[in-house]
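K.L.:
Input structure: upload.cif, which contains mmCIF, C-alpha atoms, pLDDT in the B column; chains and numbers go by the auth columns.
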```
data_query
loop_
_atom_site.group_PDB
_atom_site.id
_atom_site.type_symbol
_atom_site.label_atom_id
_atom_site.label_comp_id
_atom_site.label_asym_id
_atom_site.label_seq_id
_atom_site.Cartn_x
_atom_site.Cartn_y
_atom_site.Cartn_z
_atom_site.B_iso_or_equiv
_atom_site.auth_seq_id
_atom_site.auth_asym_id
ATOM 1 C CA MET A 1 -41.495 -94.055 -32.862 51.00 1 A
ATOM 2 C CA ALA A 2 -38.330 -93.219 -34.821 52.00 2 A
ATOM 3 C CA GLU A 3 -38.420 -89.690 -33.392 53.00 3 A
ATOM 4 C CA ARG A 4 -38.624 -91.069 -29.845 52.00 4 A
ATOM 5 C CA ASP A 5 -35.690 -93.452 -30.539 51.00 5 A
ATOM 6 C CA GLY A 6 -33.643 -90.508 -31.883 50.00 6 A
ATOM 7 C CA ARG A 7 -34.323 -88.490 -28.738 52.00 7 A
ATOM 8 C CA ALA A 8 -33.380 -91.456 -26.535 49.00 8 A
ATOM 9 C CA ALA A 9 -30.139 -91.945 -28.465 53.00 9 A
ATOM 10 C CA ARG A 10 -29.269 -88.256 -28.034 55.00 10 A
ATOM 11 C CA HIS A 11 -29.843 -88.560 -24.290 51.00 11 A
ATOM 12 C CA GLU A 12 -27.609 -91.638 -24.115 59.00 12 A
ATOM 13 C CA GLU A 13 -24.706 -89.795 -25.782 74.00 13 A
ATOM 14 C CA ASP A 14 -22.498 -87.811 -23.447 73.00 14 A
ATOM 15 C CA ASP A 15 -19.588 -85.880 -24.930 67.00 15 A
ATOM 16 C CA LEU A 16 -17.760 -85.604 -21.608 70.00 16 A
ATOM 17 C CA LEU A 17 -18.011 -89.336 -20.877 75.00 17 A
ATOM 18 C CA GLU A 18 -16.936 -90.140 -24.432 72.00 18 A
ATOM 19 C CA GLY A 19 -14.093 -87.597 -24.443 67.00 19 A
ATOM 20 C CA PHE A 20 -15.546 -85.858 -27.496 66.00 20 A
ATOM 21 C CA SER A 21 -14.562 -88.975 -29.441 69.00 21 A
ATOM 22 C CA ARG A 22 -16.820 -88.155 -32.364 68.00 22 A
ATOM 23 C CA THR A 23 -15.124 -86.714 -35.405 64.00 23 A
ATOM 24 C CA GLY A 24 -15.725 -83.314 -36.867 65.00 24 A
ATOM 25 C CA ARG A 25 -14.741 -79.709 -36.260 65.00 25 A
ATOM 26 C CA ARG A 26 -17.011 -79.329 -33.232 68.00 26 A
ATOM 27 C CA ALA A 27 -15.443 -82.288 -31.400 70.00 27 A
ATOM 28 C CA VAL A 28 -11.899 -81.098 -32.215 71.00 28 A
ATOM 29 C CA ALA A 29 -12.710 -77.574 -31.013 74.00 29 A
ATOM 30 C CA LEU A 30 -14.260 -78.829 -27.775 76.00 30 A
ATOM 31 C CA ARG A 31 -11.311 -81.144 -27.054 76.00 31 A
ATOM 32 C CA GLY A 32 -8.947 -78.211 -27.621 75.00 32 A
ATOM 33 C CA PHE A 33 -11.039 -75.959 -25.384 79.00 33 A
ATOM 34 C CA PHE A 34 -11.027 -78.370 -22.448 81.00 34 A
ATOM 35 C CA ALA A 35 -7.377 -79.415 -22.863 79.00 35 A
ATOM 36 C CA VAL A 36 -6.149 -75.824 -22.826 78.00 36 A
ATOM 37 C CA THR A 37 -8.527 -74.658 -20.092 82.00 37 A
ATOM 38 C CA VAL A 38 -7.754 -77.556 -17.738 85.00 38 A
ATOM 39 C CA SER A 39 -3.977 -77.139 -18.185 80.00 39 A
ATOM 40 C CA ALA A 40 -4.082 -73.378 -17.601 79.00 40 A
ATOM 41 C CA ALA A 41 -6.455 -73.741 -14.642 86.00 41 A
ATOM 42 C CA LEU A 42 -4.123 -76.227 -12.919 86.00 42 A
ATOM 43 C CA VAL A 43 -1.227 -73.767 -13.186 82.00 43 A
ATOM 44 C CA GLY A 44 -3.433 -70.828 -12.179 84.00 44 A
ATOM 45 C CA TRP A 45 -4.784 -72.677 -9.145 88.00 45 A
ATOM 46 C CA ASP A 46 -1.296 -73.671 -8.003 88.00 46 A
ATOM 47 C CA LEU A 47 0.091 -70.130 -8.284 84.00 47 A
ATOM 48 C CA ALA A 48 -2.969 -68.557 -6.640 88.00 48 A
ATOM 49 C CA PHE A 49 -3.173 -71.116 -3.810 90.00 49 A
ATOM 50 C CA THR A 50 0.518 -70.679 -3.031 89.00 50 A
ATOM 51 C CA TRP A 51 0.153 -66.905 -3.042 87.00 51 A
ATOM 52 C CA GLY A 52 -2.915 -67.116 -0.785 90.00 52 A
ATOM 53 C CA ALA A 53 -1.342 -69.555 1.680 90.00 53 A
ATOM 54 C CA TYR A 54 2.250 -68.295 1.753 89.00 54 A
ATOM 55 C CA GLY A 55 2.108 -64.790 0.286 85.00 55 A
ATOM 56 C CA THR A 56 4.775 -65.632 -2.286 78.00 56 A
ATOM 57 C CA VAL A 57 5.522 -67.601 -5.429 72.00 57 A
ATOM 58 C CA PHE A 58 7.768 -70.570 -4.719 76.00 58 A
ATOM 59 C CA TYR A 59 11.252 -70.698 -6.219 72.00 59 A
ATOM 60 C CA ASN A 60 10.303 -73.729 -8.338 75.00 60 A
ATOM 61 C CA ARG A 61 7.977 -71.513 -10.408 74.00 61 A
ATOM 62 C CA THR A 62 10.830 -69.028 -10.908 72.00 62 A
ATOM 63 C CA THR A 63 13.101 -71.819 -12.060 78.00 63 A
ATOM 64 C CA GLN A 64 10.370 -73.068 -14.407 76.00 64 A
ATOM 65 C CA LEU A 65 10.419 -69.631 -16.045 74.00 65 A
ATOM 66 C CA LEU A 66 14.177 -70.031 -16.428 78.00 66 A
ATOM 67 C CA VAL A 67 13.741 -73.486 -17.996 81.00 67 A
ATOM 68 C CA LEU A 68 11.082 -72.228 -20.436 77.00 68 A
ATOM 69 C CA SER A 69 13.246 -69.269 -21.424 79.00 69 A
ATOM 70 C CA LEU A 70 16.338 -71.437 -21.891 82.00 70 A
ATOM 71 C CA VAL A 71 14.470 -73.988 -24.009 81.00 71 A
ATOM 72 C CA VAL A 72 13.109 -71.260 -26.299 77.00 72 A
ATOM 73 C CA LEU A 73 16.482 -69.468 -26.421 79.00 73 A
ATOM 74 C CA LEU A 74 18.530 -72.614 -27.103 81.00 74 A
ATOM 75 C CA GLY A 75 15.905 -73.934 -29.533 77.00 75 A
ATOM 76 C CA ARG A 76 16.060 -70.649 -31.418 75.00 76 A
ATOM 77 C CA TRP A 77 19.867 -70.932 -31.585 77.00 77 A
ATOM 78 C CA ALA A 78 19.798 -74.620 -32.638 78.00 78 A
ATOM 79 C CA LEU A 79 17.234 -73.950 -35.387 74.00 79 A
ATOM 80 C CA ARG A 80 18.475 -70.485 -36.344 73.00 80 A
ATOM 81 C CA GLN A 81 18.112 -71.142 -40.071 76.00 81 A
ATOM 82 C CA GLN A 82 14.441 -72.065 -39.649 77.00 82 A
ATOM 83 C CA VAL A 83 13.274 -69.587 -36.999 72.00 83 A
ATOM 84 C CA ARG A 84 12.523 -65.943 -37.776 74.00 84 A
ATOM 85 C CA GLU A 85 12.714 -63.721 -34.721 72.00 85 A
ATOM 86 C CA HIS A 86 13.344 -60.124 -33.702 71.00 86 A
ATOM 87 C CA GLY A 87 16.509 -59.487 -31.716 73.00 87 A
ATOM 88 C CA TRP A 88 14.593 -57.859 -28.855 76.00 88 A
ATOM 89 C CA VAL A 89 12.523 -61.044 -28.402 75.00 89 A
ATOM 90 C CA THR A 90 15.740 -63.047 -28.086 78.00 90 A
ATOM 91 C CA PHE A 91 16.988 -60.526 -25.515 79.00 91 A
ATOM 92 C CA LEU A 92 13.811 -60.891 -23.425 78.00 92 A
ATOM 93 C CA PHE A 93 14.219 -64.653 -23.360 77.00 93 A
ATOM 94 C CA ALA A 94 17.897 -64.212 -22.473 81.00 94 A
ATOM 95 C CA LEU A 95 17.118 -62.146 -19.339 81.00 95 A
ATOM 96 C CA PRO A 96 16.579 -65.139 -16.997 81.00 96 A
ATOM 97 C CA ALA A 97 19.854 -66.675 -18.240 80.00 97 A
ATOM 98 C CA LEU A 98 21.663 -63.353 -17.713 81.00 98 A
ATOM 99 C CA TRP A 99 20.215 -63.213 -14.206 80.00 99 A
ATOM 100 C CA VAL A 100 21.561 -66.709 -13.422 80.00 100 A
ATOM 101 C CA VAL A 101 25.018 -65.877 -14.792 81.00 101 A
ATOM 102 C CA PHE A 102 25.028 -62.618 -12.832 80.00 102 A
ATOM 103 C CA ARG A 103 24.014 -64.384 -9.611 78.00 103 A
ATOM 104 C CA LEU A 104 26.812 -66.926 -10.114 80.00 104 A
ATOM 105 C CA LEU A 105 29.523 -64.349 -10.821 77.00 105 A
ATOM 106 C CA ALA A 106 28.412 -61.188 -8.990 69.00 106 A
ATOM 107 C CA PRO A 107 29.415 -62.111 -5.434 65.00 107 A
ATOM 108 C CA VAL A 108 32.977 -62.540 -6.738 67.00 108 A
ATOM 109 C CA ILE A 109 33.201 -59.463 -8.988 64.00 109 A
ATOM 110 C CA ALA A 110 30.626 -56.994 -7.681 60.00 110 A
ATOM 111 C CA PRO A 111 29.804 -57.470 -4.014 66.00 111 A
ATOM 112 C CA GLY A 112 27.836 -54.876 -2.047 71.00 112 A
ATOM 113 C CA ARG A 113 25.676 -52.036 -3.367 74.00 113 A
ATOM 114 C CA ALA A 114 26.550 -52.610 -7.037 74.00 114 A
ATOM 115 C CA PHE A 115 25.263 -56.181 -6.749 76.00 115 A
ATOM 116 C CA GLU A 116 21.946 -54.987 -5.310 77.00 116 A
ATOM 117 C CA VAL A 117 21.438 -52.378 -8.047 81.00 117 A
ATOM 118 C CA VAL A 118 22.239 -54.684 -10.976 79.00 118 A
ATOM 119 C CA ASP A 119 20.277 -57.556 -9.419 78.00 119 A
ATOM 120 C CA GLY A 120 17.287 -55.253 -8.926 79.00 120 A
ATOM 121 C CA VAL A 121 17.470 -54.035 -12.540 82.00 121 A
ATOM 122 C CA LEU A 122 17.690 -57.600 -13.912 79.00 122 A
ATOM 123 C CA THR A 123 14.864 -58.812 -11.673 78.00 123 A
ATOM 124 C CA GLY A 124 12.683 -55.834 -12.654 78.00 124 A
ATOM 125 C CA ALA A 125 13.421 -56.395 -16.345 79.00 125 A
ATOM 126 C CA MET A 126 12.420 -60.070 -16.014 74.00 126 A
ATOM 127 C CA VAL A 127 9.157 -59.103 -14.311 71.00 127 A
ATOM 128 C CA LEU A 128 8.387 -56.532 -17.027 72.00 128 A
ATOM 129 C CA SER A 129 9.177 -59.021 -19.785 73.00 129 A
ATOM 130 C CA LEU A 130 7.125 -61.789 -18.155 69.00 130 A
ATOM 131 C CA PRO A 131 3.827 -61.090 -19.990 71.00 131 A
ATOM 132 C CA LEU A 132 5.510 -61.331 -23.398 73.00 132 A
ATOM 133 C CA VAL A 133 7.509 -64.408 -22.413 72.00 133 A
ATOM 134 C CA LEU A 134 4.329 -66.109 -21.159 70.00 134 A
ATOM 135 C CA TRP A 135 2.503 -65.087 -24.346 73.00 135 A
ATOM 136 C CA VAL A 136 5.176 -66.716 -26.536 74.00 136 A
ATOM 137 C CA VAL A 137 5.310 -69.822 -24.347 71.00 137 A
ATOM 138 C CA ALA A 138 1.501 -70.069 -24.434 72.00 138 A
ATOM 139 C CA ARG A 139 1.580 -69.829 -28.237 72.00 139 A
ATOM 140 C CA LEU A 140 4.107 -72.686 -28.306 72.00 140 A
ATOM 141 C CA LEU A 141 2.590 -74.925 -25.618 69.00 141 A
ATOM 142 C CA ALA A 142 -1.106 -74.280 -26.176 68.00 142 A
ATOM 143 C CA PRO A 143 -1.626 -73.748 -29.893 68.00 143 A
ATOM 144 C CA GLY A 144 -5.064 -75.293 -29.486 66.00 144 A
ATOM 145 C CA TYR A 145 -6.249 -72.218 -27.591 66.00 145 A
ATOM 146 C CA PHE A 146 -5.319 -69.836 -30.382 70.00 146 A
ATOM 147 C CA ALA A 147 -6.904 -72.176 -32.931 70.00 147 A
ATOM 148 C CA LEU A 148 -10.274 -72.226 -31.165 70.00 148 A
ATOM 149 C CA PRO A 149 -12.806 -71.319 -33.842 71.00 149 A
ATOM 150 C CA GLN A 150 -15.050 -69.090 -31.747 74.00 150 A
ATOM 151 C CA ARG A 151 -14.119 -65.972 -29.828 79.00 151 A
ATOM 152 C CA ARG A 152 -16.649 -67.056 -27.205 83.00 152 A
ATOM 153 C CA MET A 153 -14.583 -70.201 -26.510 82.00 153 A
ATOM 154 C CA ARG A 154 -11.384 -68.191 -26.055 80.00 154 A
ATOM 155 C CA VAL A 155 -13.083 -65.722 -23.712 86.00 155 A
ATOM 156 C CA ALA A 156 -14.804 -68.537 -21.784 88.00 156 A
ATOM 157 C CA SER A 157 -11.454 -70.301 -21.331 84.00 157 A
ATOM 158 C CA VAL A 158 -9.826 -67.167 -19.879 84.00 158 A
ATOM 159 C CA VAL A 159 -12.808 -66.501 -17.591 91.00 159 A
ATOM 160 C CA ILE A 160 -12.847 -70.101 -16.322 92.00 160 A
ATOM 161 C CA VAL A 161 -9.112 -70.003 -15.574 88.00 161 A
ATOM 162 C CA ALA A 162 -9.557 -66.655 -13.772 90.00 162 A
ATOM 163 C CA VAL A 163 -12.434 -68.030 -11.671 94.00 163 A
ATOM 164 C CA VAL A 164 -10.520 -71.205 -10.771 93.00 164 A
ATOM 165 C CA SER A 165 -7.453 -69.115 -9.868 90.00 165 A
ATOM 166 C CA ALA A 166 -9.590 -66.823 -7.692 93.00 166 A
ATOM 167 C CA VAL A 167 -11.016 -69.861 -5.889 95.00 167 A
ATOM 168 C CA GLY A 168 -7.448 -71.144 -5.433 93.00 168 A
ATOM 169 C CA LEU A 169 -6.439 -67.803 -3.903 92.00 169 A
ATOM 170 C CA VAL A 170 -9.387 -67.909 -1.476 94.00 170 A
ATOM 171 C CA VAL A 171 -8.723 -71.545 -0.516 93.00 171 A
ATOM 172 C CA GLY A 172 -5.033 -70.728 -0.029 92.00 172 A
ATOM 173 C CA ALA A 173 -5.764 -67.660 2.086 92.00 173 A
ATOM 174 C CA TRP A 174 -8.254 -69.578 4.250 93.00 174 A
ATOM 175 C CA ASN A 175 -6.405 -72.885 4.115 91.00 175 A
ATOM 176 C CA ASP A 176 -7.135 -73.455 7.805 91.00 176 A
ATOM 177 C CA HIS A 177 -10.753 -74.202 6.823 91.00 177 A
ATOM 178 C CA PHE A 178 -9.709 -76.940 4.381 91.00 178 A
ATOM 179 C CA PHE A 179 -6.389 -78.413 5.493 91.00 179 A
ATOM 180 C CA THR A 180 -4.400 -78.989 8.660 92.00 180 A
ATOM 181 C CA CYS A 181 -0.735 -78.267 9.265 90.00 181 A
ATOM 182 C CA ALA A 182 -0.194 -82.040 9.118 92.00 182 A
ATOM 183 C CA ASP A 183 -1.668 -82.117 5.584 91.00 183 A
ATOM 184 C CA PHE A 184 1.024 -79.700 4.412 90.00 184 A
ATOM 185 C CA ARG A 185 3.794 -81.633 6.179 91.00 185 A
ATOM 186 C CA VAL A 186 2.632 -84.979 4.712 92.00 186 A
ATOM 187 C CA ALA A 187 2.729 -83.385 1.252 87.00 187 A
ATOM 188 C CA GLY A 188 6.330 -82.290 1.903 86.00 188 A
ATOM 189 C CA ASP A 189 5.429 -78.589 2.173 86.00 189 A
ATOM 190 C CA TYR A 190 6.241 -76.120 4.875 88.00 190 A
ATOM 191 C CA PRO A 191 3.042 -75.441 6.873 91.00 191 A
ATOM 192 C CA PRO A 192 1.888 -71.881 6.083 91.00 192 A
ATOM 193 C CA PRO A 193 1.429 -69.326 8.857 88.00 193 A
ATOM 194 C CA GLY A 194 -1.936 -69.729 10.549 86.00 194 A
ATOM 195 C CA CYS A 195 -2.534 -73.293 9.383 88.00 195 A
ATOM 196 C CA ALA A 196 -4.985 -75.315 11.476 89.00 196 A
ATOM 197 C CA ALA A 197 -3.845 -77.877 14.013 88.00 197 A
ATOM 198 C CA SER A 198 -7.140 -79.664 13.329 86.00 198 A
ATOM 199 C CA ILE A 199 -10.384 -79.010 11.502 75.00 199 A
ATOM 200 C CA PRO A 200 -13.478 -79.265 13.729 66.00 200 A
#
```
With the file now loaded, output its structure as structure tokens.

P.N.:
Amino acid sequence: MAERDGRAARHEEDDLLEGFSRTGRRAVALRGFFAVTVSAALVGWDLAFTWGAYGTVFYNRTTQLLVLSLVVLLGRWALRQQVREHGWVTFLFALPALWVVFRLLAPVIAPGRAFEVVDGVLTGAMVLSLPLVLWVVARLLAPGYFALPQRRMRVASVVIVAVVSAVGLVVGAWNDHFFTCADFRVAGDYPPPGCAASIP
């Protein structure tokens, strides 16, 4: 009888419904896993959907990179006595700020071909530095991921985000099967090329 009651109690418990509210290392690890994976998947879906629907990354994502870089750069300067850092890491985070300063001043001082060359070099350098910048930002914003106790959890999180992003890319590319042009307009977005006037 007691064994049957124990099995019934186990069936009544649901970690997802309870938000992993139980204490212990397992509950903490699972909360961290889902918090990090959901956050990363939302960003991955948004980037992939936009790329699939419009064939580009919107300017607001570029400016978010600038904001992240500036926060880390200015935070490093404000807390310079407490933060250990290599100079080249500071330089990588300074690239988006240098790009903004260059874009503000260049049309006045270096119009024409020189502008295009320097702008291309700065843009290329930002793209090349992006993986490291994102790695540092991920370490700062998602410490729970790096603290996950099992390698399997870390790998599963990356795979789930990749799958969700791939689905976002497919849905974005074939958005005419899911959304109408009016849906995009109501959301305040520009309707992508090939959007559907209506869905049958």

K.L.:
Looking at only C-alpha atoms, which of A:Val57, A:Gly52, A:Asp183, A:Leu74 is the one that sits closest to A:Ala97?

P.N.:
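For A:Ala97, the nearest of the given residues is A:Leu74.
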
K.L.:
Mind checking which residues fall within 12 Å of A:Leu140, counting all atoms listed in the file, ignoring those fewer than 4 positions away in the same chain, and posting them as a list of chain:residue names?

P.N.:
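Contacts, in chain order: A:Leu68, A:Ser69, A:Val71, A:Val72, A:Gly75, A:Val133, A:Leu134, A:Trp135, A:Val136, A:Gly144, A:Tyr145, A:Phe146, A:Ala147.
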
K.L.:
Pick from A:Leu128, A:Val121, A:Ala53, A:Leu105: nearest to A:Phe93, with only C-alpha atoms counted?

P.N.:
A:Leu128

K.L.:
To one decimal place, how far is atom CA of A:Gly168 from atom CA of A:Trp51 in Å?

P.N.:
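These two atoms are separated by 9.0 Å.
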
K.L.:
Calculate how many Å separate atom CA of A:His177 from atom CA of A:Phe49, rounding to one decimal.

P.N.:
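Between these atoms lies a distance of 13.4 Å.
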
K.L.:
Counting only C-alpha atoms, which residues have an atom no more than 10 Å from (-8.2, -76.3, -24.8) in the file's coordinates? Please list them as number ranges by chain.

P.N.:
A: 28-40, 142-148, 153-154, 157

K.L.:
Could you tell me how far atom CA of A:Leu47 sits from atom CA of A:Trp174, in Å to one decimal place?

P.N.:
15.1 Å

K.L.:
For A:Val127, work out the shell of residues within 12 Å, counting only C-alpha atoms and skipping chain neighbours fewer than 4 positions away, then give it as a PyMOL selection string.

P.N.:
chain A and resi 62+65+92-93+95-96+99+120-123+131-134

K.L.:
Since the input has fewer atoms than a full residue there, write stretch 174-185 of chain A out with all heavy atoms, as a PDB file, keeping the file's coordinate frame.

P.N.:
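As written to disk, out.pdb reads:
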```
ATOM      1  N   TRP A 174      -7.529 -68.988   3.128  1.00 93.00           N
ATOM      2  CA  TRP A 174      -8.254 -69.578   4.250  1.00 93.00           C
ATOM      3  C   TRP A 174      -8.011 -71.084   4.309  1.00 93.00           C
ATOM      4  O   TRP A 174      -8.923 -71.871   4.534  1.00 93.00           O
ATOM      5  CB  TRP A 174      -9.747 -69.278   4.127  1.00 93.00           C
ATOM      6  CG  TRP A 174     -10.049 -67.858   4.494  1.00 93.00           C
ATOM      7  CD1 TRP A 174     -10.032 -67.316   5.740  1.00 93.00           C
ATOM      8  CD2 TRP A 174     -10.390 -66.801   3.599  1.00 93.00           C
ATOM      9  NE1 TRP A 174     -10.343 -65.984   5.675  1.00 93.00           N
ATOM     10  CE2 TRP A 174     -10.573 -65.637   4.370  1.00 93.00           C
ATOM     11  CE3 TRP A 174     -10.560 -66.717   2.231  1.00 93.00           C
ATOM     12  CZ2 TRP A 174     -10.909 -64.415   3.812  1.00 93.00           C
ATOM     13  CZ3 TRP A 174     -10.899 -65.504   1.668  1.00 93.00           C
ATOM     14  CH2 TRP A 174     -11.073 -64.373   2.460  1.00 93.00           C
ATOM     15  N   ASN A 175      -6.746 -71.466   4.147  1.00 91.00           N
ATOM     16  CA  ASN A 175      -6.405 -72.885   4.115  1.00 91.00           C
ATOM     17  C   ASN A 175      -6.732 -73.593   5.418  1.00 91.00           C
ATOM     18  O   ASN A 175      -6.937 -74.796   5.428  1.00 91.00           O
ATOM     19  CB  ASN A 175      -4.923 -73.069   3.766  1.00 91.00           C
ATOM     20  CG  ASN A 175      -4.012 -72.466   4.823  1.00 91.00           C
ATOM     21  OD1 ASN A 175      -3.796 -73.055   5.871  1.00 91.00           O
ATOM     22  ND2 ASN A 175      -3.476 -71.293   4.541  1.00 91.00           N
ATOM     23  N   ASP A 176      -6.831 -72.834   6.523  1.00 91.00           N
ATOM     24  CA  ASP A 176      -7.135 -73.455   7.805  1.00 91.00           C
ATOM     25  C   ASP A 176      -8.564 -74.001   7.871  1.00 91.00           C
ATOM     26  O   ASP A 176      -8.900 -74.759   8.778  1.00 91.00           O
ATOM     27  CB  ASP A 176      -6.890 -72.465   8.951  1.00 91.00           C
ATOM     28  CG  ASP A 176      -7.673 -71.170   8.789  1.00 91.00           C
ATOM     29  OD1 ASP A 176      -7.879 -70.732   7.640  1.00 91.00           O
ATOM     30  OD2 ASP A 176      -8.077 -70.593   9.814  1.00 91.00           O
ATOM     31  N   HIS A 177      -9.401 -73.650   6.897  1.00 91.00           N
ATOM     32  CA  HIS A 177     -10.753 -74.202   6.823  1.00 91.00           C
ATOM     33  C   HIS A 177     -10.794 -75.510   6.017  1.00 91.00           C
ATOM     34  O   HIS A 177     -11.808 -76.213   6.039  1.00 91.00           O
ATOM     35  CB  HIS A 177     -11.715 -73.206   6.153  1.00 91.00           C
ATOM     36  CG  HIS A 177     -11.927 -71.965   6.952  1.00 91.00           C
ATOM     37  ND1 HIS A 177     -13.019 -71.777   7.767  1.00 91.00           N
ATOM     38  CD2 HIS A 177     -11.177 -70.852   7.088  1.00 91.00           C
ATOM     39  CE1 HIS A 177     -12.945 -70.602   8.350  1.00 91.00           C
ATOM     40  NE2 HIS A 177     -11.830 -70.011   7.949  1.00 91.00           N
ATOM     41  N   PHE A 178      -9.718 -75.790   5.296  1.00 91.00           N
ATOM     42  CA  PHE A 178      -9.709 -76.940   4.381  1.00 91.00           C
ATOM     43  C   PHE A 178      -8.657 -77.986   4.728  1.00 91.00           C
ATOM     44  O   PHE A 178      -8.858 -79.167   4.486  1.00 91.00           O
ATOM     45  CB  PHE A 178      -9.463 -76.466   2.940  1.00 91.00           C
ATOM     46  CG  PHE A 178     -10.478 -75.476   2.455  1.00 91.00           C
ATOM     47  CD1 PHE A 178     -10.237 -74.114   2.557  1.00 91.00           C
ATOM     48  CD2 PHE A 178     -11.673 -75.898   1.903  1.00 91.00           C
ATOM     49  CE1 PHE A 178     -11.168 -73.195   2.110  1.00 91.00           C
ATOM     50  CE2 PHE A 178     -12.609 -74.989   1.450  1.00 91.00           C
ATOM     51  CZ  PHE A 178     -12.358 -73.629   1.563  1.00 91.00           C
ATOM     52  N   PHE A 179      -7.517 -77.518   5.247  1.00 91.00           N
ATOM     53  CA  PHE A 179      -6.389 -78.413   5.493  1.00 91.00           C
ATOM     54  C   PHE A 179      -5.800 -78.154   6.875  1.00 91.00           C
ATOM     55  O   PHE A 179      -5.958 -77.069   7.429  1.00 91.00           O
ATOM     56  CB  PHE A 179      -5.282 -78.200   4.443  1.00 91.00           C
ATOM     57  CG  PHE A 179      -5.771 -78.268   3.027  1.00 91.00           C
ATOM     58  CD1 PHE A 179      -5.911 -77.124   2.261  1.00 91.00           C
ATOM     59  CD2 PHE A 179      -6.111 -79.491   2.461  1.00 91.00           C
ATOM     60  CE1 PHE A 179      -6.373 -77.183   0.961  1.00 91.00           C
ATOM     61  CE2 PHE A 179      -6.573 -79.558   1.157  1.00 91.00           C
ATOM     62  CZ  PHE A 179      -6.711 -78.403   0.403  1.00 91.00           C
ATOM     63  N   THR A 180      -5.110 -79.159   7.389  1.00 92.00           N
ATOM     64  CA  THR A 180      -4.400 -78.989   8.660  1.00 92.00           C
ATOM     65  C   THR A 180      -2.908 -78.807   8.383  1.00 92.00           C
ATOM     66  O   THR A 180      -2.443 -79.060   7.262  1.00 92.00           O
ATOM     67  CB  THR A 180      -4.594 -80.221   9.567  1.00 92.00           C
ATOM     68  OG1 THR A 180      -3.964 -81.360   8.937  1.00 92.00           O
ATOM     69  CG2 THR A 180      -6.063 -80.520   9.814  1.00 92.00           C
ATOM     70  N   CYS A 181      -2.192 -78.394   9.399  1.00 90.00           N
ATOM     71  CA  CYS A 181      -0.735 -78.267   9.265  1.00 90.00           C
ATOM     72  C   CYS A 181      -0.124 -79.610   8.872  1.00 90.00           C
ATOM     73  O   CYS A 181       0.819 -79.663   8.082  1.00 90.00           O
ATOM     74  CB  CYS A 181      -0.125 -77.773  10.582  1.00 90.00           C
ATOM     75  SG  CYS A 181      -0.728 -76.159  11.127  1.00 90.00           S
ATOM     76  N   ALA A 182      -0.705 -80.697   9.428  1.00 92.00           N
ATOM     77  CA  ALA A 182      -0.194 -82.040   9.118  1.00 92.00           C
ATOM     78  C   ALA A 182      -0.370 -82.354   7.636  1.00 92.00           C
ATOM     79  O   ALA A 182       0.482 -83.024   7.036  1.00 92.00           O
ATOM     80  CB  ALA A 182      -0.908 -83.083   9.977  1.00 92.00           C
ATOM     81  N   ASP A 183      -1.459 -81.879   7.018  1.00 91.00           N
ATOM     82  CA  ASP A 183      -1.668 -82.117   5.584  1.00 91.00           C
ATOM     83  C   ASP A 183      -0.509 -81.537   4.776  1.00 91.00           C
ATOM     84  O   ASP A 183      -0.029 -82.163   3.824  1.00 91.00           O
ATOM     85  CB  ASP A 183      -2.988 -81.488   5.113  1.00 91.00           C
ATOM     86  CG  ASP A 183      -4.204 -82.199   5.678  1.00 91.00           C
ATOM     87  OD1 ASP A 183      -4.134 -83.419   5.892  1.00 91.00           O
ATOM     88  OD2 ASP A 183      -5.221 -81.508   5.917  1.00 91.00           O
ATOM     89  N   PHE A 184      -0.087 -80.330   5.124  1.00 90.00           N
ATOM     90  CA  PHE A 184       1.024 -79.700   4.412  1.00 90.00           C
ATOM     91  C   PHE A 184       2.323 -80.472   4.641  1.00 90.00           C
ATOM     92  O   PHE A 184       3.100 -80.680   3.710  1.00 90.00           O
ATOM     93  CB  PHE A 184       1.182 -78.243   4.855  1.00 90.00           C
ATOM     94  CG  PHE A 184       0.112 -77.333   4.326  1.00 90.00           C
ATOM     95  CD1 PHE A 184      -1.003 -77.030   5.094  1.00 90.00           C
ATOM     96  CD2 PHE A 184       0.205 -76.796   3.048  1.00 90.00           C
ATOM     97  CE1 PHE A 184      -1.992 -76.200   4.604  1.00 90.00           C
ATOM     98  CE2 PHE A 184      -0.787 -75.967   2.544  1.00 90.00           C
ATOM     99  CZ  PHE A 184      -1.888 -75.665   3.328  1.00 90.00           C
ATOM    100  N   ARG A 185       2.554 -80.900   5.885  1.00 91.00           N
ATOM    101  CA  ARG A 185       3.794 -81.633   6.179  1.00 91.00           C
ATOM    102  C   ARG A 185       3.835 -82.966   5.441  1.00 91.00           C
ATOM    103  O   ARG A 185       4.868 -83.354   4.901  1.00 91.00           O
ATOM    104  CB  ARG A 185       3.941 -81.845   7.687  1.00 91.00           C
ATOM    105  CG  ARG A 185       4.473 -80.618   8.414  1.00 91.00           C
ATOM    106  CD  ARG A 185       4.915 -80.956   9.836  1.00 91.00           C
ATOM    107  NE  ARG A 185       3.791 -81.156  10.715  1.00 91.00           N
ATOM    108  CZ  ARG A 185       3.135 -80.184  11.345  1.00 91.00           C
ATOM    109  NH1 ARG A 185       3.506 -78.941  11.201  1.00 91.00           N
ATOM    110  NH2 ARG A 185       2.120 -80.460  12.133  1.00 91.00           N
TER     111      ARG A 185
END
```
